[in-house]
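This report refers to the structure that appears directly beneath it.
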Amino acid sequence: MGLPHPLPPRGKGNIHLCFVRPSPFSIKRILLTHGHVDHFGAAGELQRRSGAKVLIHSEDLSKIKPAGEPADEIYLHNAGIPRDVMVGFGKADRMMDHFGGSIEKVKTIGGNETLEFEHFSLQLLHMPGHSSGHTVFYWPEKNLLLSGDIVLPTITTNPLAEYTMTPAGIKRSLSLGQMLDSLQQLAEMKIDLILPGHGSRIENPGELINSRIAFYRQRLEDTYSLLKSTGPQNPYRLALIYFKGRLKGFDILLAVNETLVNLDLLVYQGRAIEEQIDGVSVFGVV
Ligand SMILES: [Zn+2]
């Protein structure tokens with residue numbers, strides 16, 4: 001282990017390092033729950049100071065690149081978002097990039113595995129939905145879960161649509177379906193305490209997990225009912241109707257995403273169909 005590096009400029013993750021005990025230099029492994037910058041922003045700097053290995057699920061590896069992945073115009077157009085509305089979105093991406101330092105060496109994890117430590121072991125459980133590589137860390141002897149973003153104490157996590165371009169066209173992950181499966185798995189586990197990625201600890205979390213499942217299921221039914229009453233819509237138009245036009249800036253992107261993941265699950269369930277009109281996805285009930 002070398003001498004300490006000088007402090008990096010503020011905003012590159014150094015603000016977190018003063019909380020690391022006994023010291024950042026004693027860290028051997030850095031486990032990332034997923035590849036969002038608010039969860040890996042300090043990992044590169046911590047690695048440079050400690051020589052620790054950084055671990056992340058293989059499906060989130062591409063997300064921890066320094067440049068990030070700005071929302072692609074083709075995908076935004078496909079969701080029906082007009083070009084003049086897209087203008088505000090790029091800024092948020094660049095702001096997030098500012099906080100993510102580069103990570104040099106990363107070890108990927110696959111599905112579920114157990115990681116041994118000196119006095120205990122942690123189960124790494126792949127639970128996609130919020131992110132395709134999202135992984136939670138479970139300490140069975142203590143019934144303790146480090147949940148990343150999959151369960152948060154005060155807000156309901158967004159299942160985020162993830163895109164790939166295939167020869168057949170745009171393909172999206174079934175994020176909401178994955179989220180419901182992941183939460184169902186959590187509901188069946190023995191968990192006394194959750195330490196989430198944001199906010200305070202969650203004690204006796206069973207009730208909260210079940211309430212999140214109920215929320216997503218209700219939103220799915222609401223989306224179905226709305227689409228049935230309005231007739232065919234693209235995700236952007238349906239989001240505006242659902243949220244009654246109260247949306248501004250980056251919230252539009254989140255609202256369209258939320259609408260889209262619900263529509264995708266309805267298609268998967270055979271209750272809606274999707275067709276392409278001038279590069280835009282239009283959905284209608286069956
Ligand atoms: Zn996240």
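Every chain in the structure tokens takes a letter, A first, then B, and so on in the order presented; its residues are numbered from 1, and the ligands are numbered from 1 following the presented order.
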**Message:** Excluding His134 of chain A and its own-chain neighbours fewer than 3 positions away, which residues fall within 12 Å of it when counting only C-alpha atoms? Please give them as an MDAnalysis selection string.
**Reply:** chainID A and resid 31:36 39 55:61 63 109:112 124:131 137 146:151 159:160 175 178:179 182 197
Serialized selection, N, CA and C atoms, as a short mmCIF file (atom, residue, chain, number, x, y, z; two decimals), in the first residue's frame:
data_model
loop_
_atom_site.label_atom_id
_atom_site.label_comp_id
_atom_site.auth_asym_id
_atom_site.auth_seq_id
_atom_site.Cartn_x
_atom_site.Cartn_y
_atom_site.Cartn_z
N LEU A 31 -18.07 -3.18 -2.18
CA LEU A 31 -19.19 -3.83 -2.86
C LEU A 31 -20.19 -2.76 -3.31
N LEU A 32 -20.50 -2.76 -4.58
CA LEU A 32 -21.47 -1.79 -5.09
C LEU A 32 -22.81 -2.49 -5.31
N THR A 33 -23.88 -1.87 -4.80
CA THR A 33 -25.20 -2.47 -5.00
C THR A 33 -25.64 -2.33 -6.45
N HIS A 34 -25.27 -1.18 -7.08
CA HIS A 34 -25.63 -0.99 -8.48
C HIS A 34 -24.88 0.20 -9.05
N GLY A 35 -25.04 0.41 -10.36
CA GLY A 35 -24.19 1.36 -11.06
C GLY A 35 -24.76 2.75 -11.21
N HIS A 36 -25.44 3.26 -10.20
CA HIS A 36 -25.88 4.67 -10.22
C HIS A 36 -24.87 5.49 -9.44
N HIS A 39 -24.26 5.87 -5.84
CA HIS A 39 -23.87 4.67 -5.09
C HIS A 39 -22.44 4.23 -5.37
N LEU A 55 -16.30 -4.49 -6.49
CA LEU A 55 -17.16 -5.54 -7.04
C LEU A 55 -18.52 -4.97 -7.43
N ILE A 56 -18.99 -5.38 -8.61
CA ILE A 56 -20.32 -4.97 -9.06
C ILE A 56 -20.87 -6.07 -9.97
N HIS A 57 -22.17 -6.18 -10.03
CA HIS A 57 -22.78 -7.18 -10.91
C HIS A 57 -22.43 -6.87 -12.37
N SER A 58 -22.21 -7.91 -13.16
CA SER A 58 -21.76 -7.71 -14.55
C SER A 58 -22.75 -6.86 -15.35
N GLU A 59 -24.03 -6.96 -15.04
CA GLU A 59 -25.02 -6.20 -15.83
C GLU A 59 -24.98 -4.70 -15.54
N ASP A 60 -24.30 -4.30 -14.50
CA ASP A 60 -24.19 -2.87 -14.20
C ASP A 60 -22.80 -2.31 -14.48
N LEU A 61 -21.92 -3.17 -15.02
CA LEU A 61 -20.54 -2.74 -15.24
C LEU A 61 -20.46 -1.51 -16.16
N LYS A 63 -22.34 0.85 -16.49
CA LYS A 63 -22.89 2.09 -15.93
C LYS A 63 -21.88 2.87 -15.08
N ILE A 109 -19.46 -9.64 -10.46
CA ILE A 109 -20.12 -10.80 -9.87
C ILE A 109 -21.26 -11.21 -10.78
N GLY A 110 -21.63 -12.47 -10.72
CA GLY A 110 -22.68 -12.97 -11.62
C GLY A 110 -24.01 -12.99 -10.91
N GLY A 111 -24.55 -14.18 -10.67
CA GLY A 111 -25.84 -14.29 -9.98
C GLY A 111 -25.63 -14.16 -8.48
N ASN A 112 -26.15 -15.12 -7.76
CA ASN A 112 -26.02 -15.07 -6.31
C ASN A 112 -24.73 -15.74 -5.87
N LEU A 124 -24.59 -12.34 -1.52
CA LEU A 124 -24.83 -11.31 -2.54
C LEU A 124 -25.97 -11.82 -3.41
N LEU A 125 -27.10 -11.14 -3.37
CA LEU A 125 -28.30 -11.63 -4.06
C LEU A 125 -28.70 -10.67 -5.18
N HIS A 126 -28.73 -11.20 -6.39
CA HIS A 126 -29.07 -10.37 -7.55
C HIS A 126 -30.57 -10.06 -7.52
N MET A 127 -30.92 -8.80 -7.37
CA MET A 127 -32.33 -8.40 -7.34
C MET A 127 -32.55 -7.22 -8.27
N PRO A 128 -32.77 -7.52 -9.56
CA PRO A 128 -32.95 -6.45 -10.54
C PRO A 128 -34.32 -5.78 -10.42
N GLY A 129 -34.48 -4.70 -11.15
CA GLY A 129 -35.77 -3.96 -11.15
C GLY A 129 -35.48 -2.47 -11.19
N HIS A 130 -34.80 -1.99 -10.16
CA HIS A 130 -34.37 -0.58 -10.16
C HIS A 130 -33.22 -0.41 -11.15
N SER A 131 -32.40 -1.43 -11.25
CA SER A 131 -31.27 -1.47 -12.18
C SER A 131 -31.07 -2.95 -12.51
N PHE A 137 -27.11 -7.17 -0.23
CA PHE A 137 -26.17 -7.92 0.58
C PHE A 137 -26.88 -8.36 1.86
N LEU A 146 -28.51 -5.13 3.48
CA LEU A 146 -28.10 -3.85 2.89
C LEU A 146 -28.81 -3.80 1.53
N SER A 147 -29.79 -2.93 1.41
CA SER A 147 -30.75 -3.06 0.30
C SER A 147 -30.48 -2.16 -0.89
N GLY A 148 -29.42 -1.33 -0.85
CA GLY A 148 -29.21 -0.42 -1.98
C GLY A 148 -30.45 0.45 -2.16
N ASP A 149 -30.98 0.45 -3.38
CA ASP A 149 -32.16 1.28 -3.66
C ASP A 149 -33.44 0.48 -3.80
N ILE A 150 -33.39 -0.81 -3.58
CA ILE A 150 -34.59 -1.59 -3.92
C ILE A 150 -35.73 -1.36 -2.93
N VAL A 151 -35.37 -1.11 -1.67
CA VAL A 151 -36.38 -0.69 -0.68
C VAL A 151 -35.84 0.54 0.03
N PRO A 159 -38.69 1.59 -10.75
CA PRO A 159 -38.13 0.57 -11.64
C PRO A 159 -37.73 1.31 -12.92
N LEU A 160 -36.49 1.18 -13.35
CA LEU A 160 -36.01 1.97 -14.49
C LEU A 160 -35.91 1.11 -15.74
N SER A 175 -38.55 -4.02 -16.33
CA SER A 175 -38.10 -3.55 -15.01
C SER A 175 -39.13 -3.74 -13.91
N GLN A 178 -39.41 -7.34 -12.96
CA GLN A 178 -38.23 -7.73 -12.16
C GLN A 178 -38.34 -7.18 -10.74
N MET A 179 -38.80 -5.94 -10.63
CA MET A 179 -38.93 -5.32 -9.31
C MET A 179 -39.89 -6.11 -8.44
N SER A 182 -38.28 -9.31 -7.35
CA SER A 182 -37.25 -9.08 -6.33
C SER A 182 -37.89 -8.81 -4.96
N GLY A 197 -29.95 2.31 0.97
CA GLY A 197 -28.97 3.19 0.34
C GLY A 197 -29.24 4.66 0.59
#
**Contacts of Arg29 of chain A at 6 Å (only C-alpha atoms; same-chain gap of 4+ positions) as a PyMOL selection string** = chain A and resi 52-54
**Request:** Considering only C-alpha atoms, state which residue in the set A:Ser281, A:Gln276, A:Ser62, A:Thr259 is at the smallest distance from Asn158 of chain A.
**Result:**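 Answer, going by the shortest atom-to-atom distance: A:Thr259.
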**Prompt:** Hey, what does DSSP flag as strand (DSSP E or B) within segment 82-254 of chain A? Can you give it to me as a ChimeraX atom specification?
**Reply:** /A:106-109,113-116,121-126,135-139,144-148,163-166,169-172,193-196,202-203,233
**Message:** Using DSSP secondary structure from the backbone, list all helix (DSSP H, G or I) positions within segment 38-275 of chain A, as a PyMOL selection string.
**Reply:** chain A and resi 38-40+43-50+58-64+73-78+83-86+89-99+140-142+175-187+206-230+235-242+250-268
**Distance of atom CA of Leu253 of chain A from atom CA of Val136 of chain A, expressed in Å to one decimal place** = 26.1 Å
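Restricting the calculation to only C-alpha atoms, the smallest distance between Gly80 of chain A and any of A:Gly177, A:Pro235, A:Gly284, A:Gly245 is found for A:Pro235.
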